[in-house]
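Structure file model-v8.txt (compact mmCIF, C-alpha atoms) follows.
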```
# COMPACT_ATOMS: atom_id res chain seq x y z
CA MET F 1 79.84 186.64 32.47
CA THR F 2 82.28 183.81 33.15
CA ILE F 3 83.61 183.82 36.69
CA PRO F 4 87.37 183.16 36.72
CA ALA F 5 88.60 180.02 38.37
CA PRO F 6 89.74 180.54 41.94
CA MET F 7 93.38 181.52 42.26
CA SER F 8 93.85 178.50 44.51
CA GLN F 9 93.37 176.32 41.44
CA ARG F 10 96.14 178.13 39.55
CA GLU F 11 98.65 178.96 42.28
CA PRO F 12 98.97 178.65 46.07
CA LEU F 13 96.65 180.57 48.36
CA GLN F 14 98.96 183.56 48.50
CA ALA F 15 97.19 185.51 51.25
CA LEU F 16 96.99 182.44 53.48
CA GLN F 17 100.62 181.65 52.74
CA ALA F 18 101.53 185.19 53.75
CA LEU F 19 99.62 184.76 57.01
CA ARG F 20 101.70 181.66 57.75
CA GLY F 21 104.84 183.74 57.32
CA VAL F 22 103.57 186.47 59.64
CA ALA F 23 102.50 183.90 62.25
CA ALA F 24 105.89 182.17 62.19
CA LEU F 25 107.74 185.49 62.45
CA ALA F 26 105.51 186.46 65.39
CA VAL F 27 106.55 183.30 67.23
CA VAL F 28 110.21 184.02 66.48
CA LEU F 29 109.93 187.55 67.87
CA MET F 30 108.22 186.20 70.99
CA HIS F 31 111.14 183.88 71.69
CA PHE F 32 113.55 186.83 71.47
CA LYS F 33 111.49 189.05 73.76
CA GLU F 34 113.87 188.55 76.72
CA TRP F 35 116.70 189.98 74.64
CA MET F 36 114.53 192.87 73.46
CA ALA F 37 113.55 193.73 77.03
CA ASN F 38 117.14 194.88 77.64
CA PHE F 39 117.13 197.56 74.96
CA ALA F 40 113.49 198.08 73.83
CA PRO F 41 110.95 197.20 76.56
CA GLY F 42 108.06 198.50 74.47
CA LEU F 43 108.98 196.23 71.57
CA ALA F 44 109.33 193.32 73.96
CA GLY F 45 105.88 194.10 75.32
CA VAL F 46 104.43 193.70 71.84
CA ALA F 47 106.55 190.67 70.97
CA GLN F 48 105.29 188.77 74.01
CA TYR F 49 101.97 188.28 72.22
CA GLY F 50 103.61 186.47 69.33
CA TYR F 51 102.30 183.19 70.73
CA VAL F 52 99.03 184.01 68.97
CA GLY F 53 100.81 182.73 65.88
CA VAL F 54 100.27 179.19 67.19
CA ASP F 55 96.50 179.66 67.31
CA VAL F 56 96.67 181.03 63.78
CA PHE F 57 98.70 177.98 62.72
CA PHE F 58 96.06 175.60 64.10
CA LEU F 59 93.29 177.40 62.20
CA ILE F 60 95.36 177.35 59.01
CA SER F 61 96.18 173.67 59.52
CA GLY F 62 92.51 172.72 59.74
CA PHE F 63 91.85 174.80 56.62
CA ILE F 64 94.75 173.43 54.57
CA ILE F 65 94.18 169.76 55.41
CA PHE F 66 90.54 169.96 54.31
CA HIS F 67 91.47 172.05 51.27
CA ALA F 68 94.39 169.82 50.21
CA THR F 69 92.35 166.60 50.29
CA ALA F 70 89.78 167.84 47.78
CA ALA F 71 91.44 166.04 44.85
CA PRO F 72 90.50 162.35 44.45
CA ASP F 73 94.14 161.22 44.54
CA ALA F 74 94.64 162.94 47.93
CA ARG F 75 91.83 161.16 49.76
CA ALA F 76 93.41 157.80 50.64
CA ALA F 77 94.09 157.54 54.36
CA LEU F 78 97.48 155.80 54.40
CA PRO F 79 99.09 157.92 51.63
CA PHE F 80 97.73 161.01 53.40
CA LEU F 81 99.42 159.98 56.65
CA ILE F 82 102.68 159.21 54.86
CA ARG F 83 102.72 162.64 53.20
CA ARG F 84 101.94 164.44 56.44
CA LEU F 85 104.43 162.50 58.55
CA CYS F 86 107.23 163.14 56.05
CA ARG F 87 106.19 166.77 55.79
CA VAL F 88 106.07 167.39 59.55
CA VAL F 89 108.09 164.74 61.39
CA LEU F 90 111.27 164.44 59.31
CA PRO F 91 112.21 168.16 59.41
CA ALA F 92 111.38 168.24 63.12
CA TRP F 93 113.70 165.30 63.73
CA VAL F 94 116.48 167.11 61.86
CA ALA F 95 115.95 170.21 64.02
CA MET F 96 116.05 168.08 67.17
CA ALA F 97 119.18 166.24 66.04
CA LEU F 98 121.01 169.51 65.38
CA LEU F 99 119.84 171.01 68.68
CA VAL F 100 121.33 168.04 70.54
CA PHE F 101 124.81 169.30 69.56
CA ILE F 102 124.03 172.85 70.69
CA LYS F 103 122.10 172.17 73.89
CA PRO F 104 122.19 168.47 74.86
CA PRO F 105 119.01 167.33 76.68
CA TYR F 106 118.52 164.65 79.29
CA LEU F 107 118.00 161.20 77.78
CA ILE F 108 114.35 161.05 78.90
CA ASP F 109 113.66 164.39 77.19
CA LEU F 110 115.49 163.24 74.06
CA VAL F 111 113.29 160.14 73.81
CA ARG F 112 110.11 162.07 74.53
CA GLY F 113 111.10 164.74 72.03
CA PHE F 114 111.69 162.37 69.12
CA ALA F 115 108.43 160.54 70.00
CA PHE F 116 106.51 163.86 70.28
CA LEU F 117 105.27 162.90 73.74
CA PRO F 118 104.26 165.63 76.20
CA ARG F 119 106.36 165.84 79.36
CA GLU F 120 103.67 166.16 82.05
CA THR F 121 99.94 166.35 82.70
CA GLY F 122 100.19 169.85 84.15
CA HIS F 123 100.72 173.31 82.61
CA PRO F 124 98.17 173.06 79.78
CA PRO F 125 98.08 173.51 76.85
CA TYR F 126 101.86 172.92 76.59
CA PHE F 127 102.03 169.97 79.00
CA GLY F 128 105.72 170.67 79.39
CA HIS F 129 107.94 172.18 76.71
CA GLY F 130 110.26 169.63 75.10
CA PHE F 131 113.92 170.38 74.50
CA LEU F 132 112.86 171.75 71.08
CA ILE F 133 110.59 174.36 72.58
CA VAL F 134 108.15 174.59 69.66
CA ALA F 135 107.58 170.84 69.29
CA TRP F 136 104.63 170.76 71.71
CA THR F 137 102.38 172.06 68.94
CA LEU F 138 103.38 169.22 66.63
CA THR F 139 101.82 166.67 68.96
CA TYR F 140 98.47 168.38 68.45
CA GLU F 141 99.07 168.36 64.70
CA LEU F 142 99.87 164.64 64.63
CA VAL F 143 96.76 163.74 66.63
CA PHE F 144 94.72 165.85 64.22
CA TYR F 145 96.24 164.08 61.21
CA GLY F 146 95.49 160.69 62.71
CA LEU F 147 91.83 161.52 63.29
CA PHE F 148 91.49 163.13 59.87
CA ALA F 149 92.94 159.96 58.32
CA VAL F 150 90.11 158.00 59.97
CA ALA F 151 87.64 160.26 58.15
CA LEU F 152 89.50 159.58 54.90
CA ALA F 153 89.29 155.81 55.40
CA HIS F 154 85.69 155.76 54.11
CA PRO F 155 84.68 157.13 50.67
CA TRP F 156 82.40 159.85 51.99
CA THR F 157 81.66 163.04 50.11
CA ARG F 158 83.98 165.93 50.81
CA ALA F 159 81.45 167.73 53.00
CA ARG F 160 80.68 164.63 55.02
CA ARG F 161 84.38 163.93 55.39
CA GLY F 162 84.77 167.33 57.00
CA TRP F 163 81.83 166.70 59.32
CA VAL F 164 83.23 163.31 60.35
CA ALA F 165 86.71 164.71 61.02
CA ALA F 166 85.25 167.54 63.09
CA ALA F 167 83.01 165.13 65.00
CA LEU F 168 85.95 162.82 65.75
CA LEU F 169 88.03 165.71 67.08
CA MET F 170 85.21 166.88 69.33
CA ALA F 171 84.36 163.33 70.46
CA VAL F 172 87.96 162.55 71.44
CA MET F 173 88.23 165.86 73.29
CA LEU F 174 84.96 165.33 75.18
CA CYS F 175 85.78 161.72 76.04
CA GLY F 176 89.08 162.86 77.49
CA GLN F 177 87.42 165.60 79.50
CA ALA F 178 84.80 163.14 80.74
CA ALA F 179 87.61 160.85 81.93
CA ALA F 180 89.21 163.84 83.68
CA GLY F 181 85.89 164.73 85.32
CA GLN F 182 85.75 168.31 84.06
CA PHE F 183 84.35 169.85 80.89
CA THR F 184 85.92 173.10 79.74
CA LEU F 185 86.47 175.22 76.64
CA ASP F 186 89.41 176.96 78.28
CA ALA F 187 92.63 175.39 76.99
CA THR F 188 94.55 176.61 80.05
CA GLN F 189 92.29 174.68 82.44
CA THR F 190 92.59 171.13 81.07
CA GLN F 191 92.73 168.61 83.92
CA PRO F 192 94.87 165.43 84.01
CA VAL F 193 93.41 162.30 82.46
CA GLY F 194 94.33 159.34 84.59
CA ARG F 195 97.29 159.74 86.94
CA ALA F 196 98.97 163.14 87.22
CA THR F 197 102.63 162.98 86.18
CA THR F 198 105.65 165.28 86.30
CA VAL F 199 108.58 165.84 83.94
CA GLU F 200 110.65 163.26 85.82
CA GLN F 201 108.23 160.46 84.91
CA PHE F 202 107.89 158.74 81.54
CA SER F 203 104.19 158.09 80.91
CA LEU F 204 101.46 158.18 78.27
CA TRP F 205 99.05 159.99 80.61
CA PRO F 206 100.26 163.41 79.35
CA LEU F 207 99.40 162.37 75.78
CA LEU F 208 95.91 161.29 76.82
CA THR F 209 95.50 164.55 78.70
CA LEU F 210 96.57 166.49 75.62
CA THR F 211 93.87 164.80 73.52
CA SER F 212 91.27 166.33 75.84
CA SER F 213 92.47 169.89 75.17
CA PRO F 214 90.10 172.50 73.70
CA MET F 215 92.95 173.48 71.38
CA PHE F 216 91.50 170.92 68.96
CA ILE F 217 88.49 173.19 68.48
CA GLU F 218 90.73 175.48 66.45
CA PHE F 219 91.33 172.69 63.92
CA VAL F 220 87.56 172.19 63.74
CA VAL F 221 87.05 175.90 63.06
CA GLY F 222 89.73 175.74 60.37
CA ILE F 223 87.88 172.88 58.67
CA GLY F 224 84.70 174.96 58.81
CA LEU F 225 86.45 177.93 57.23
CA ALA F 226 87.73 175.73 54.40
CA ALA F 227 84.26 174.30 53.79
CA ALA F 228 82.77 177.79 53.67
CA PHE F 229 85.55 179.02 51.38
CA ALA F 230 84.88 176.17 48.92
CA TRP F 231 81.06 176.30 49.12
CA ARG F 232 79.46 176.48 45.69
CA GLY F 233 82.83 176.61 44.03
CA GLY F 234 83.92 179.55 46.15
CA GLN F 235 81.65 182.02 44.33
CA PRO F 236 79.80 183.31 47.45
CA PHE F 237 83.11 183.91 49.21
CA ARG F 238 84.56 185.74 46.19
CA GLU F 239 81.50 187.94 45.86
CA ARG F 240 81.50 188.87 49.55
CA GLY F 241 85.22 189.05 50.19
CA GLY F 242 85.03 192.71 51.22
CA LEU F 243 82.32 192.05 53.81
CA ILE F 244 84.21 189.02 55.12
CA THR F 245 87.34 191.13 55.48
CA LEU F 246 85.38 193.74 57.42
CA ALA F 247 83.81 191.07 59.63
CA GLY F 248 87.27 189.68 60.33
CA LEU F 249 88.59 193.11 61.29
CA LEU F 250 85.70 193.61 63.70
CA LEU F 251 86.17 190.16 65.22
CA ALA F 252 89.92 190.71 65.63
CA ALA F 253 89.31 194.09 67.28
CA GLY F 254 86.68 192.55 69.53
CA GLY F 255 89.03 189.71 70.38
CA LEU F 256 91.58 192.21 71.65
CA VAL F 257 89.00 193.68 74.02
CA GLY F 258 87.37 190.47 75.19
CA PRO F 259 88.58 187.83 75.84
CA GLY F 260 91.86 189.53 74.93
CA LEU F 261 95.27 188.04 74.25
CA ASP F 262 95.61 186.02 77.43
CA GLY F 263 96.83 182.57 76.51
CA HIS F 264 96.11 179.98 73.85
CA GLY F 265 92.77 178.46 72.96
CA PRO F 266 89.36 179.27 71.49
CA THR F 267 88.19 181.26 74.52
CA ARG F 268 91.36 183.34 74.67
CA ALA F 269 93.66 184.31 71.78
CA GLY F 270 91.62 182.11 69.43
CA ALA F 271 89.01 184.84 68.89
CA PHE F 272 91.64 187.29 67.64
CA ALA F 273 93.28 184.56 65.55
CA LEU F 274 89.93 183.74 63.93
CA GLY F 275 89.42 187.40 63.07
CA VAL F 276 92.85 187.55 61.45
CA ALA F 277 92.12 184.35 59.50
CA LEU F 278 88.82 185.80 58.24
CA VAL F 279 90.57 188.99 57.10
CA THR F 280 93.10 186.87 55.22
CA LEU F 281 90.44 184.71 53.56
CA GLY F 282 88.46 187.80 52.64
CA VAL F 283 91.53 189.24 50.94
CA GLN F 284 92.19 185.90 49.24
CA ALA F 285 88.60 185.83 47.98
CA ARG F 286 88.98 189.27 46.43
CA LEU F 287 92.25 188.24 44.80
CA ASP F 288 90.53 185.15 43.41
CA ALA F 289 87.85 187.44 41.98
CA ARG F 290 90.59 189.46 40.22
CA ALA F 291 90.01 192.40 42.54
CA TRP F 292 92.42 194.19 44.90
CA GLN F 293 95.29 193.26 42.58
CA GLY F 294 97.33 196.11 43.99
CA LEU F 295 97.88 193.99 47.10
CA VAL F 296 99.66 191.24 45.20
CA ALA F 297 102.99 193.05 45.13
CA TRP F 298 102.83 193.42 48.92
CA ILE F 299 101.69 189.87 49.57
CA ARG F 300 104.23 187.99 47.44
CA PRO F 301 107.35 188.72 49.58
CA VAL F 302 105.49 187.73 52.75
CA ALA F 303 104.11 184.68 50.95
CA TRP F 304 107.72 183.68 50.22
CA LEU F 305 108.36 183.81 53.95
CA GLY F 306 105.21 181.72 54.39
CA GLY F 307 106.73 179.06 52.15
CA CYS F 308 109.64 178.83 54.61
CA SER F 309 107.44 179.27 57.67
CA TYR F 310 107.65 175.70 58.94
CA SER F 311 111.44 175.73 58.75
CA LEU F 312 111.46 179.17 60.39
CA TYR F 313 109.27 177.81 63.16
CA LEU F 314 111.40 174.70 63.69
CA PHE F 315 114.93 176.01 63.37
CA HIS F 316 114.87 179.46 65.00
CA PRO F 317 115.34 177.96 68.50
CA LEU F 318 118.71 176.63 67.30
CA VAL F 319 119.88 180.15 66.44
CA LYS F 320 118.78 181.47 69.82
CA ALA F 321 120.36 178.56 71.71
CA GLY F 322 123.63 178.99 69.85
CA LEU F 323 123.84 182.73 70.49
CA GLN F 324 122.44 182.75 74.04
CA PRO F 325 125.87 182.63 75.77
CA LEU F 326 126.96 185.71 73.81
CA ALA F 327 123.66 187.53 74.34
CA SER F 328 123.90 187.06 78.12
CA GLN F 329 127.11 189.11 78.09
CA LEU F 330 125.80 192.04 76.04
CA GLY F 331 123.41 194.88 76.59
CA GLY F 332 122.14 198.07 75.00
CA GLY F 333 123.09 198.73 71.40
CA ARG F 334 125.28 195.66 71.06
CA LEU F 335 122.46 193.37 72.12
CA ALA F 336 120.10 195.20 69.76
CA LEU F 337 122.48 194.53 66.85
CA LEU F 338 122.85 190.90 67.87
CA THR F 339 119.07 190.49 68.10
CA ALA F 340 118.56 191.96 64.63
CA ALA F 341 121.34 189.75 63.25
CA ALA F 342 119.90 186.69 65.00
CA ILE F 343 116.42 187.24 63.55
CA ALA F 344 117.92 187.73 60.08
CA ALA F 345 119.94 184.55 60.59
CA CYS F 346 116.73 182.71 61.50
CA VAL F 347 115.19 183.71 58.16
CA VAL F 348 118.32 182.72 56.22
CA LEU F 349 118.54 179.39 58.03
CA ALA F 350 114.85 178.80 57.36
CA ALA F 351 115.38 179.34 53.63
CA VAL F 352 118.30 176.91 53.63
CA MET F 353 116.48 174.25 55.63
CA HIS F 354 113.37 174.66 53.51
CA ARG F 355 115.42 173.97 50.38
CA TRP F 356 117.62 171.17 51.69
CA VAL F 357 115.51 169.49 54.37
CA GLU F 358 111.83 170.38 54.09
CA LEU F 359 111.40 170.07 50.32
CA PRO F 360 113.29 166.73 50.10
CA ALA F 361 111.15 165.41 52.96
CA GLN F 362 108.03 166.44 51.07
CA GLY F 363 109.37 164.81 47.91
CA LEU F 364 110.02 161.58 49.79
CA GLY F 365 106.50 161.65 51.18
CA LYS F 366 105.00 162.12 47.73
CA ARG F 367 107.03 159.30 46.19
CA TRP F 368 106.33 156.95 49.07
CA SER F 369 102.61 157.74 49.10
CA ARG F 370 102.36 157.22 45.31
CA ALA F 371 104.04 153.82 45.66
CA VAL F 372 101.59 152.85 48.41
CA SER F 373 98.65 154.07 46.31
CA ARG F 374 99.79 151.95 43.36
CA ARG F 375 100.02 148.86 45.57
CA GLN F 376 96.59 149.52 47.03
CA SER F 377 95.05 149.92 43.57
CA ARG F 378 96.26 146.51 42.36
```
Will you turn the file into structure tokens for me?
Amino acid sequence: MTIPAPMSQREPLQALQALRGVAALAVVLMHFKEWMANFAPGLAGVAQYGYVGVDVFFLISGFIIFHATAAPDARAALPFLIRRLCRVVLPAWVAMALLVFIKPPYLIDLVRGFAFLPRETGHPPYFGHGFLIVAWTLTYELVFYGLFAVALAHPWTRARRGWVAAALLMAVMLCGQAAAGQFTLDATQTQPVGRATTVEQFSLWPLLTLTSSPMFIEFVVGIGLAAAFAWRGGQPFRERGGLITLAGLLLAAGGLVGPGLDGHGPTRAGAFALGVALVTLGVQARLDARAWQGLVAWIRPVAWLGGCSYSLYLFHPLVKAGLQPLASQLGGGRLALLTAAAIAACVVLAAVMHRWVELPAQGLGKRWSRAVSRRQSR
């Protein structure tokens, strides 16, 4: 019997794309929890855990970067960096530029924001929220891309490339922790590397401290998930998708009990996030095996949201900032209506920005990277 080609070879990883949409929406709901607390405290109590979406994003990022560099034309280091920088940095700069007109920051925060520099060595793993509140996660992403590009700089096999990238991430993290004088797997306990700084000081010490964070372990786990998903052409994963889904459910349930949803990182919300990721990959494996097709109709609308998830993540703070003066004057039913309208506006704005900002940025990255590849091949 001929085993069908994985769905990922014919169309995007729909289940994983849907998970991105859910994770982004969870972060959005978390940032509106203060509004919800005025009319639905129970809903706000659930929404406060939406930060787990960030841990899910880091796992997905590790997975996608390893998965997306499987093709030979995607393995060159410089074109890879160009594609990723255009994909991530340009839309973030647009979001920051627009936010300046809504909520002008101090000059020092503006400079740090556009440079993706953390604000301080304290309050890990955020190290100080920038004026675009979600941008702290992008610094982790950019460090990850830089280290992965180092692994791409040598023509290793795909498996070895994954091992090298994972080893570089762990080595940088451990070197930073050695410099800080404390080894920890708890992302909330990272100690300053070098001189401790505050938000009033402009310094690179916060960036060095960030590189020692255990949050990078989640990228490593994502790379491992991608390697397992692709092992032997994905056949073992497709055959055992049901068991993997069950294992993910058990891990997610266990993660709620211990360590529980108590902050970011592999020893905290990361366990639950890993369980959710395993459930999603188990479902994806069954879809690739042409099973569980009844789920497709449910997954596709959420996968559409996943396609806009980065824009949703970046631009929803602008909606909240713009409506905050009005929200502070309302309560009860009026605030509930405003909250529902604001969340809907976030989704609409995400769709617009995905079409007119994110996709053009990706197109620029592809054209630029192809031009660089042609020059390098001469």
Report the closest atom pair, with its distance in Å rounded to one decimal, for each residue of stretch 125-196 of chain F that has an atom no farther than 10 Å from stretch 263-276 of chain F; count only C-alpha atoms, sort by chain and then rising residue number, and write it as JSON lines.
```
{"residue": "F:Pro125", "atom": "CA", "partner": "F:His264", "partner_atom": "CA", "distance": 7.4}
{"residue": "F:Tyr126", "atom": "CA", "partner": "F:His264", "partner_atom": "CA", "distance": 9.5}
{"residue": "F:Thr184", "atom": "CA", "partner": "F:Thr267", "partner_atom": "CA", "distance": 9.9}
{"residue": "F:Leu185", "atom": "CA", "partner": "F:Thr267", "partner_atom": "CA", "distance": 6.6}
{"residue": "F:Asp186", "atom": "CA", "partner": "F:Thr267", "partner_atom": "CA", "distance": 5.8}
{"residue": "F:Ala187", "atom": "CA", "partner": "F:Gly265", "partner_atom": "CA", "distance": 5.1}
{"residue": "F:Thr188", "atom": "CA", "partner": "F:His264", "partner_atom": "CA", "distance": 7.2}
```
Separation of atom CA of F:Ala336 from atom CA of F:Asn38, in Å and rounded to one decimal: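 Between atom CA of F:Ala336 and atom CA of F:Asn38 the gap works out to 8.4 Å.
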Separation of atom CA of F:Tyr313 from atom CA of F:Ala24, in Å and rounded to one decimal: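 Those two atoms sit 5.6 Å apart.
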Test item: which residues lie within 9 Å of (91.9, 173.1, 58.9) counting all atoms listed in the file, as a PyMOL selection string: chain F and resi 58-67+218-226
Distance of atom CA of F:Phe216 from atom CA of F:Leu256, expressed in Å to one decimal place: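 One can read the atom CA of F:Leu256 to atom CA of F:Phe216 distance as 21.5 Å.
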